[in-house]
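Source file: data-v6.cif. Holds: mmCIF, C-alpha atoms.
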data_my_file
#
loop_
_atom_site.label_atom_id
_atom_site.label_comp_id
_atom_site.auth_asym_id
_atom_site.auth_seq_id
_atom_site.Cartn_x
_atom_site.Cartn_y
_atom_site.Cartn_z
CA MET A 1357 34.42 21.90 61.51
CA THR A 1358 34.77 23.75 58.28
CA ASP A 1359 33.04 26.99 57.85
CA PRO A 1360 30.30 26.63 55.18
CA THR A 1361 30.61 30.31 54.42
CA ALA A 1362 34.30 29.98 53.67
CA ALA A 1363 35.35 30.44 50.03
CA PRO A 1364 36.03 27.20 48.19
CA THR A 1365 39.63 26.21 47.81
CA ALA A 1366 41.04 27.06 44.41
CA ARG A 1367 41.75 23.99 42.30
CA SER A 1368 44.18 23.47 39.52
CA SER A 1369 42.93 24.88 36.24
CA ALA A 1370 44.64 22.13 34.23
CA PRO A 1371 42.06 19.91 32.46
CA THR A 1372 41.99 16.30 33.46
CA MET A 1373 41.65 13.53 30.89
CA PRO A 1374 38.64 11.29 31.43
CA PRO A 1375 39.53 7.68 32.28
CA ARG A 1376 37.97 6.43 29.04
CA ALA A 1377 40.00 8.87 26.95
CA ARG A 1378 43.21 7.67 28.63
CA THR A 1379 42.65 4.09 27.43
CA THR A 1380 41.11 4.54 23.96
CA TRP A 1381 44.34 5.81 22.40
CA ILE A 1382 46.11 2.51 23.08
CA PRO A 1383 44.08 0.38 20.59
CA ARG A 1384 44.25 3.19 18.04
CA ALA A 1385 48.04 3.43 18.37
CA LEU A 1386 48.29 -0.35 18.06
CA LEU A 1387 46.13 -0.27 14.93
CA TYR A 1388 48.24 2.46 13.34
CA THR A 1389 51.41 0.54 14.17
CA VAL A 1390 50.13 -2.65 12.55
CA LEU A 1391 48.93 -0.76 9.46
CA SER A 1392 52.27 1.06 9.18
CA LEU A 1393 54.17 -2.23 9.38
CA GLY A 1394 51.89 -3.76 6.76
CA ALA A 1395 52.41 -0.80 4.44
CA ALA A 1396 56.19 -1.04 4.92
CA VAL A 1397 56.16 -4.76 4.09
CA MET A 1398 54.19 -4.11 0.90
CA LEU A 1399 56.60 -1.34 -0.11
CA VAL A 1400 59.68 -3.57 0.19
CA PRO A 1401 59.25 -5.33 -3.21
CA PHE A 1402 58.65 -2.00 -4.94
CA ILE A 1403 61.76 -0.46 -3.36
CA TRP A 1404 63.80 -3.54 -4.32
CA MET A 1405 62.52 -3.24 -7.89
CA ILE A 1406 63.60 0.41 -8.18
CA LEU A 1407 67.03 -0.24 -6.65
CA THR A 1408 67.64 -3.25 -8.91
CA ALA A 1409 66.65 -1.19 -11.94
CA LEU A 1410 69.41 1.31 -11.06
CA LYS A 1411 72.19 -1.30 -10.72
CA PRO A 1412 74.76 -2.13 -13.38
CA ALA A 1413 75.00 -5.74 -14.56
CA SER A 1414 78.18 -6.29 -12.50
CA GLU A 1415 76.34 -5.69 -9.20
CA LEU A 1416 73.46 -8.06 -9.85
CA GLY A 1417 73.37 -11.22 -7.75
CA LYS A 1418 75.65 -9.88 -5.02
CA GLY A 1419 72.87 -9.54 -2.45
CA THR A 1420 73.38 -5.82 -1.87
CA TRP A 1421 70.44 -3.44 -1.70
CA LEU A 1422 71.93 -0.06 -2.58
CA PRO A 1423 73.70 0.26 -5.94
CA HIS A 1424 77.27 1.56 -5.79
CA ASP A 1425 77.07 2.86 -9.34
CA VAL A 1426 73.62 4.29 -10.10
CA ARG A 1427 72.71 3.77 -13.75
CA TRP A 1428 69.69 5.76 -14.90
CA GLU A 1429 70.61 4.62 -18.40
CA ASN A 1430 69.02 1.25 -17.65
CA PHE A 1431 65.58 2.73 -18.32
CA VAL A 1432 66.71 3.99 -21.74
CA ASP A 1433 68.49 0.72 -22.56
CA ALA A 1434 65.39 -1.27 -21.61
CA PHE A 1435 63.38 0.69 -24.16
CA LYS A 1436 66.04 0.04 -26.81
CA ALA A 1437 66.18 -3.70 -26.11
CA ALA A 1438 62.55 -4.21 -27.20
CA PRO A 1439 59.83 -2.15 -28.92
CA PHE A 1440 58.37 -0.90 -25.65
CA ASP A 1441 56.71 2.03 -27.35
CA VAL A 1442 54.59 -0.48 -29.29
CA TYR A 1443 53.89 -2.50 -26.12
CA PHE A 1444 52.81 0.62 -24.21
CA ARG A 1445 50.61 1.74 -27.08
CA ASN A 1446 48.93 -1.66 -27.30
CA SER A 1447 48.33 -1.84 -23.55
CA LEU A 1448 46.90 1.68 -23.51
CA ILE A 1449 44.53 0.96 -26.41
CA ILE A 1450 43.35 -2.30 -24.85
CA ALA A 1451 42.89 -0.85 -21.36
CA VAL A 1452 41.08 2.30 -22.51
CA ALA A 1453 38.79 0.42 -24.92
CA GLN A 1454 37.88 -2.25 -22.37
CA THR A 1455 37.29 0.36 -19.68
CA LEU A 1456 34.92 2.40 -21.86
CA ILE A 1457 32.96 -0.70 -22.89
CA THR A 1458 32.81 -1.94 -19.31
CA VAL A 1459 31.58 1.36 -17.88
CA VAL A 1460 28.83 1.68 -20.49
CA PHE A 1461 27.53 -1.89 -20.39
CA ALA A 1462 28.02 -2.50 -16.66
CA THR A 1463 26.09 0.62 -15.69
CA ALA A 1464 23.38 -0.10 -18.28
CA ALA A 1465 22.96 -3.68 -17.04
CA GLY A 1466 23.09 -2.57 -13.42
CA TYR A 1467 20.40 0.03 -14.01
CA ALA A 1468 18.20 -2.52 -15.80
CA LEU A 1469 18.53 -4.98 -12.93
CA ALA A 1470 17.86 -2.31 -10.31
CA ARG A 1471 15.19 0.01 -11.71
CA THR A 1472 13.42 -1.42 -14.76
CA PRO A 1473 10.34 -3.66 -14.35
CA ILE A 1474 11.64 -6.51 -16.52
CA ARG A 1475 10.41 -10.05 -15.99
CA GLY A 1476 12.86 -12.46 -14.42
CA ARG A 1477 14.99 -9.65 -13.02
CA THR A 1478 15.67 -11.55 -9.78
CA VAL A 1479 16.71 -14.69 -11.66
CA ILE A 1480 19.04 -12.74 -13.94
CA PHE A 1481 20.62 -11.01 -10.96
CA GLY A 1482 21.11 -14.36 -9.22
CA LEU A 1483 22.84 -15.75 -12.30
CA THR A 1484 25.05 -12.66 -12.43
CA VAL A 1485 26.12 -13.17 -8.82
CA ALA A 1486 26.73 -16.86 -9.51
CA MET A 1487 29.00 -15.98 -12.45
CA ILE A 1488 31.21 -13.94 -10.12
CA MET A 1489 32.20 -17.17 -8.37
CA VAL A 1490 33.33 -18.86 -11.61
CA PRO A 1491 37.16 -18.67 -11.95
CA VAL A 1492 38.37 -17.10 -15.17
CA TYR A 1493 40.59 -20.12 -15.84
CA VAL A 1494 37.51 -22.33 -16.16
CA ILE A 1495 36.24 -20.37 -19.17
CA LEU A 1496 39.67 -19.72 -20.70
CA ILE A 1497 39.64 -22.63 -23.16
CA PRO A 1498 35.98 -22.16 -24.27
CA ARG A 1499 36.68 -18.46 -24.77
CA PHE A 1500 39.75 -19.25 -26.89
CA LEU A 1501 37.80 -21.72 -29.05
CA ILE A 1502 35.03 -19.18 -29.60
CA VAL A 1503 37.51 -16.47 -30.61
CA ARG A 1504 39.26 -18.83 -33.03
CA SER A 1505 35.97 -19.97 -34.58
CA ILE A 1506 34.42 -16.59 -35.40
CA PRO A 1507 32.78 -16.97 -38.84
CA PHE A 1508 34.10 -14.91 -41.77
CA SER A 1509 37.11 -13.69 -39.78
CA GLY A 1510 40.77 -14.59 -40.19
CA GLY A 1511 40.09 -16.86 -43.13
CA ASN A 1512 37.22 -18.76 -41.49
CA ASP A 1513 34.19 -19.92 -43.46
CA TRP A 1514 30.61 -19.49 -42.32
CA LEU A 1515 31.09 -22.46 -39.96
CA GLY A 1516 34.12 -20.84 -38.33
CA GLN A 1517 36.60 -23.32 -39.81
CA GLY A 1518 39.70 -23.02 -41.94
CA GLY A 1519 41.32 -19.95 -40.41
CA ILE A 1520 42.37 -18.29 -37.16
CA GLY A 1521 39.28 -16.16 -36.50
CA TRP A 1522 40.01 -13.23 -34.23
CA LEU A 1523 43.41 -14.50 -33.11
CA ASP A 1524 46.19 -11.90 -33.20
CA SER A 1525 43.72 -9.03 -33.64
CA TRP A 1526 42.32 -6.16 -31.62
CA TRP A 1527 38.97 -7.93 -31.44
CA ALA A 1528 40.49 -10.83 -29.50
CA LEU A 1529 42.36 -8.52 -27.14
CA ILE A 1530 39.45 -6.19 -26.37
CA VAL A 1531 36.06 -7.89 -26.69
CA PRO A 1532 36.38 -11.05 -24.51
CA GLY A 1533 37.64 -9.16 -21.46
CA ALA A 1534 35.51 -6.04 -21.85
CA LEU A 1535 32.91 -6.89 -19.20
CA ALA A 1536 32.75 -8.92 -16.00
CA PRO A 1537 29.73 -9.78 -13.80
CA LEU A 1538 31.40 -8.18 -10.78
CA TYR A 1539 31.06 -4.73 -12.35
CA VAL A 1540 27.38 -5.30 -13.13
CA PHE A 1541 26.86 -6.27 -9.49
CA LEU A 1542 28.65 -3.16 -8.20
CA ALA A 1543 26.68 -0.84 -10.48
CA ARG A 1544 23.40 -2.48 -9.52
CA GLN A 1545 24.13 -2.02 -5.81
CA PHE A 1546 24.50 1.72 -6.27
CA TYR A 1547 21.41 2.11 -8.44
CA VAL A 1548 19.30 0.27 -5.85
CA ASP A 1549 20.22 2.87 -3.24
CA LEU A 1550 19.03 5.80 -5.35
CA PRO A 1551 15.48 7.09 -4.75
CA ALA A 1552 12.98 5.45 -7.10
CA GLU A 1553 11.07 8.75 -7.28
CA LEU A 1554 13.81 10.19 -9.52
CA ALA A 1555 13.17 7.63 -12.23
CA ASP A 1556 9.39 7.90 -11.82
CA ALA A 1557 9.48 11.67 -12.20
CA ALA A 1558 11.64 11.37 -15.31
CA ARG A 1559 9.20 8.88 -16.84
CA LEU A 1560 6.33 11.29 -16.20
CA ASP A 1561 8.30 13.96 -18.05
CA GLY A 1562 8.49 11.66 -21.07
CA LEU A 1563 12.15 10.64 -20.72
CA SER A 1564 13.02 7.20 -22.08
CA GLU A 1565 14.75 4.53 -20.00
CA VAL A 1566 17.99 5.19 -21.84
CA GLY A 1567 17.70 8.87 -21.02
CA ILE A 1568 16.92 8.14 -17.37
CA TRP A 1569 19.98 5.87 -17.17
CA ALA A 1570 22.35 8.26 -18.93
CA ARG A 1571 21.12 11.68 -17.80
CA VAL A 1572 19.48 11.18 -14.40
CA MET A 1573 20.72 8.11 -12.54
CA THR A 1574 24.29 7.46 -13.72
CA PRO A 1575 25.63 10.97 -12.88
CA LEU A 1576 24.56 10.31 -9.28
CA ILE A 1577 26.80 7.23 -8.91
CA LYS A 1578 30.09 8.81 -9.94
CA PRO A 1579 32.09 6.95 -7.23
CA ALA A 1580 30.78 3.62 -8.55
CA VAL A 1581 31.63 4.52 -12.15
CA ILE A 1582 35.18 5.54 -11.21
CA THR A 1583 35.63 2.42 -9.06
CA ILE A 1584 34.55 0.19 -11.95
CA ALA A 1585 36.82 2.09 -14.34
CA VAL A 1586 39.86 1.76 -12.06
CA PHE A 1587 39.27 -1.95 -11.52
CA GLN A 1588 38.82 -2.65 -15.23
CA PHE A 1589 41.79 -0.53 -16.31
CA GLN A 1590 44.00 -2.29 -13.78
CA SER A 1591 42.80 -5.72 -14.88
CA SER A 1592 43.34 -4.92 -18.56
CA TRP A 1593 46.74 -3.34 -18.05
CA ASN A 1594 48.09 -6.27 -16.00
CA ASP A 1595 46.56 -9.07 -18.08
CA PHE A 1596 49.19 -11.56 -19.21
CA LEU A 1597 47.69 -15.00 -19.85
CA TRP A 1598 44.97 -14.08 -22.34
CA PRO A 1599 47.23 -11.92 -24.59
CA LEU A 1600 49.79 -14.72 -24.45
CA LEU A 1601 47.21 -17.12 -25.93
CA VAL A 1602 45.78 -14.91 -28.66
CA THR A 1603 48.78 -12.91 -29.95
CA ARG A 1604 51.58 -14.06 -32.23
CA THR A 1605 53.44 -10.91 -33.25
CA ASP A 1606 55.11 -8.02 -31.42
CA GLU A 1607 52.77 -5.57 -33.16
CA MET A 1608 49.85 -6.86 -31.06
CA ARG A 1609 51.51 -7.71 -27.74
CA PRO A 1610 50.91 -5.57 -24.62
CA ILE A 1611 53.48 -4.43 -22.08
CA GLN A 1612 53.16 -7.45 -19.80
CA LEU A 1613 54.22 -9.77 -22.61
CA GLY A 1614 56.94 -7.35 -23.62
CA LEU A 1615 58.58 -7.68 -20.21
CA ALA A 1616 59.08 -11.39 -20.91
CA VAL A 1617 61.75 -10.41 -23.45
CA PHE A 1618 64.24 -10.05 -20.59
CA SER A 1619 63.45 -13.46 -19.03
CA HIS A 1620 63.58 -15.94 -21.88
CA ALA A 1621 64.62 -19.46 -20.95
CA ASP A 1622 67.41 -19.52 -23.55
CA ILE A 1623 69.19 -16.40 -22.26
CA GLU A 1624 70.31 -15.12 -18.89
CA VAL A 1625 67.69 -13.03 -17.15
CA GLN A 1626 68.55 -9.33 -17.43
CA TRP A 1627 67.26 -8.32 -14.02
CA ASN A 1628 68.19 -4.64 -14.24
CA PHE A 1629 66.38 -4.18 -17.56
CA LEU A 1630 63.46 -6.32 -16.40
CA MET A 1631 63.01 -4.24 -13.24
CA ALA A 1632 63.41 -0.99 -15.18
CA GLY A 1633 60.67 -2.04 -17.60
CA THR A 1634 58.46 -3.23 -14.75
CA ALA A 1635 58.87 0.08 -12.92
CA LEU A 1636 57.85 1.98 -16.04
CA ALA A 1637 54.88 -0.35 -16.53
CA THR A 1638 53.58 0.46 -13.05
CA LEU A 1639 53.59 4.24 -13.54
CA PRO A 1640 50.20 4.48 -15.34
CA MET A 1641 48.47 2.50 -12.59
CA ILE A 1642 50.04 4.61 -9.84
CA ALA A 1643 49.02 7.82 -11.62
CA LEU A 1644 45.49 6.53 -12.19
CA PHE A 1645 45.03 5.59 -8.55
CA LEU A 1646 46.37 8.93 -7.31
CA VAL A 1647 43.99 10.85 -9.59
CA ALA A 1648 40.92 8.74 -8.74
CA GLN A 1649 41.83 7.89 -5.13
CA ARG A 1650 39.07 9.91 -3.44
CA TYR A 1651 36.27 8.52 -5.58
CA PHE A 1652 37.75 5.02 -5.55
CA VAL A 1653 37.89 4.83 -1.75
CA GLU A 1654 34.39 6.32 -1.48
CA GLY A 1655 33.04 3.82 -3.98
CA MET A 1656 34.60 0.82 -2.27
CA ALA A 1657 33.40 1.95 1.15
CA SER A 1658 29.86 2.58 -0.09
CA ALA A 1659 29.64 -0.72 -1.99
CA GLY A 1660 29.94 -2.67 1.22
CA LEU A 1661 27.06 -0.76 2.86
CA LYS A 1662 24.46 -1.16 0.12
CA GLY A 1663 22.18 -4.16 -0.17
#

Please go through the file and, once you have read it, give me the structure as structure tokens.
Amino acid sequence: MTDPTAAPTARSSAPTMPPRARTTWIPRALLYTVLSLGAAVMLVPFIWMILTALKPASELGKGTWLPHDVRWENFVDAFKAAPFDVYFRNSLIIAVAQTLITVVFATAAGYALARTPIRGRTVIFGLTVAMIMVPVYVILIPRFLIVRSIPFSGGNDWLGQGGIGWLDSWWALIVPGALAPLYVFLARQFYVDLPAELADAARLDGLSEVGIWARVMTPLIKPAVITIAVFQFQSSWNDFLWPLLVTRTDEMRPIQLGLAVFSHADIEVQWNFLMAGTALATLPMIALFLVAQRYFVEGMASAGLKG
């Protein structure tokens, strides 16, 4: 028999991992592996684009990845082959103007649908959600006909006939794509989550609805505003089909149409210049996402939790 008065045997001081902790790292490691592989797959086209942009014309089409003769001059030659400074300027003007209009009107409409006692608010919100499900290609032709038939513009009479309306103008490039129902929905979801007492207290202090929207409620949904701005800027910057329909001259064409200079059907595709121009066209979007990444991720994560 063991002596109960005997001192307990010293045990190893090394901590032991609980059984649950030993097994939970396996799914996490598997998840990280899958996400890493997915990120690598998505990076492959971007890496191929950069490497192709650095190749001379003699190495194109040989199936090699790394260029033997690195030509940084391709980026300069791509700018000389077409008026890319004009294309970049046009894209920047269009994207900034549409983003500002979208942020103002989407947040205003979202606040009205969330916090103002207007009649038919539920019906209007339902129609807004229904419009999200309408593909943009369905309204492309009606939108084009409306832009072409604007009265007293582009030589049109008061019936919108006889001229080209807004075609090949800043109005056609900015106004039709300046707002989408998705952004109204996102803004409304954030306003709904804010305490109603804030708006009520501001009304008691004599603040108008516009003042409540601009000075009290909107500053509290900064992640939503930045998320909407990033989405709209990206959509405007990458838009190709609508500018193709409404522009006729190089002075009004954005960067996405300018890249088509290197891939005309009547000439051989200049892949090194095309990839160099494409790489330069992606830089503003990469910079925008890096600057607004924290707010963008927070806004997207919060949007899925609000009802």

Report, in Å with one decimal, the straight-line distance from CA of Phe1596 (chain A) to CA of Ala1580 (chain A).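 Taking CA of Phe1596 (chain A) and CA of Ala1580 (chain A), their separation equals 26.1 Å.
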
I'd like the neighbourhood of region 1397-1414 of chain A as a PDB file with C-alpha atoms, in the frame of the given file, where a residue qualifies if any of its atoms comes within 12 Å (using only C-alpha atoms), though same-chain residues fewer than 3 positions away should be ignored.
ATOM      1  CA  VAL A1390      50.130  -2.650  12.550  1.00  0.00           C
ATOM      2  CA  LEU A1391      48.930  -0.760   9.460  1.00  0.00           C
ATOM      3  CA  SER A1392      52.270   1.060   9.180  1.00  0.00           C
ATOM      4  CA  LEU A1393      54.170  -2.230   9.380  1.00  0.00           C
ATOM      5  CA  GLY A1394      51.890  -3.760   6.760  1.00  0.00           C
ATOM      6  CA  GLY A1417      73.370 -11.220  -7.750  1.00  0.00           C
ATOM      7  CA  LYS A1418      75.650  -9.880  -5.020  1.00  0.00           C
ATOM      8  CA  GLY A1419      72.870  -9.540  -2.450  1.00  0.00           C
ATOM      9  CA  THR A1420      73.380  -5.820  -1.870  1.00  0.00           C
ATOM     10  CA  TRP A1421      70.440  -3.440  -1.700  1.00  0.00           C
ATOM     11  CA  LEU A1422      71.930  -0.060  -2.580  1.00  0.00           C
ATOM     12  CA  PRO A1423      73.700   0.260  -5.940  1.00  0.00           C
ATOM     13  CA  HIS A1424      77.270   1.560  -5.790  1.00  0.00           C
ATOM     14  CA  ASP A1425      77.070   2.860  -9.340  1.00  0.00           C
ATOM     15  CA  VAL A1426      73.620   4.290 -10.100  1.00  0.00           C
ATOM     16  CA  ARG A1427      72.710   3.770 -13.750  1.00  0.00           C
ATOM     17  CA  TRP A1428      69.690   5.760 -14.900  1.00  0.00           C
ATOM     18  CA  GLU A1429      70.610   4.620 -18.400  1.00  0.00           C
ATOM     19  CA  ASN A1430      69.020   1.250 -17.650  1.00  0.00           C
ATOM     20  CA  PHE A1431      65.580   2.730 -18.320  1.00  0.00           C
ATOM     21  CA  VAL A1432      66.710   3.990 -21.740  1.00  0.00           C
ATOM     22  CA  ASP A1433      68.490   0.720 -22.560  1.00  0.00           C
ATOM     23  CA  ALA A1434      65.390  -1.270 -21.610  1.00  0.00           C
ATOM     24  CA  GLU A1624      70.310 -15.120 -18.890  1.00  0.00           C
ATOM     25  CA  VAL A1625      67.690 -13.030 -17.150  1.00  0.00           C
ATOM     26  CA  GLN A1626      68.550  -9.330 -17.430  1.00  0.00           C
ATOM     27  CA  TRP A1627      67.260  -8.320 -14.020  1.00  0.00           C
ATOM     28  CA  ASN A1628      68.190  -4.640 -14.240  1.00  0.00           C
ATOM     29  CA  PHE A1629      66.380  -4.180 -17.560  1.00  0.00           C
ATOM     30  CA  LEU A1630      63.460  -6.320 -16.400  1.00  0.00           C
ATOM     31  CA  MET A1631      63.010  -4.240 -13.240  1.00  0.00           C
ATOM     32  CA  ALA A1632      63.410  -0.990 -15.180  1.00  0.00           C
ATOM     33  CA  GLY A1633      60.670  -2.040 -17.600  1.00  0.00           C
ATOM     34  CA  THR A1634      58.460  -3.230 -14.750  1.00  0.00           C
ATOM     35  CA  ALA A1635      58.870   0.080 -12.920  1.00  0.00           C
ATOM     36  CA  LEU A1636      57.850   1.980 -16.040  1.00  0.00           C
ATOM     37  CA  ALA A1637      54.880  -0.350 -16.530  1.00  0.00           C
ATOM     38  CA  THR A1638      53.580   0.460 -13.050  1.00  0.00           C
ATOM     39  CA  LEU A1639      53.590   4.240 -13.540  1.00  0.00           C
ATOM     40  CA  ILE A1642      50.040   4.610  -9.840  1.00  0.00           C
TER      41      ILE A1642
END

Rounded to one decimal in Å, what is the spacing between CA of Ile1530 (chain A) and CA of Ala1453 (chain A)?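 Interatomic distance here is 6.8 Å.
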
If I put a ball of radius 12 Å at (48.5, -0.4, -25.6) in the file's coordinates, which residues poke into it when counting all atoms listed in the file, written as a PyMOL selection string? chain A and resi 1439-1454+1526+1529-1530+1589+1592-1595+1599+1606-1614+1637+1640

Two-atom distance - CA of Arg1544 (chain A), CA of Ile1577 (chain A) (Å):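 These atoms are spaced 10.3 Å apart.
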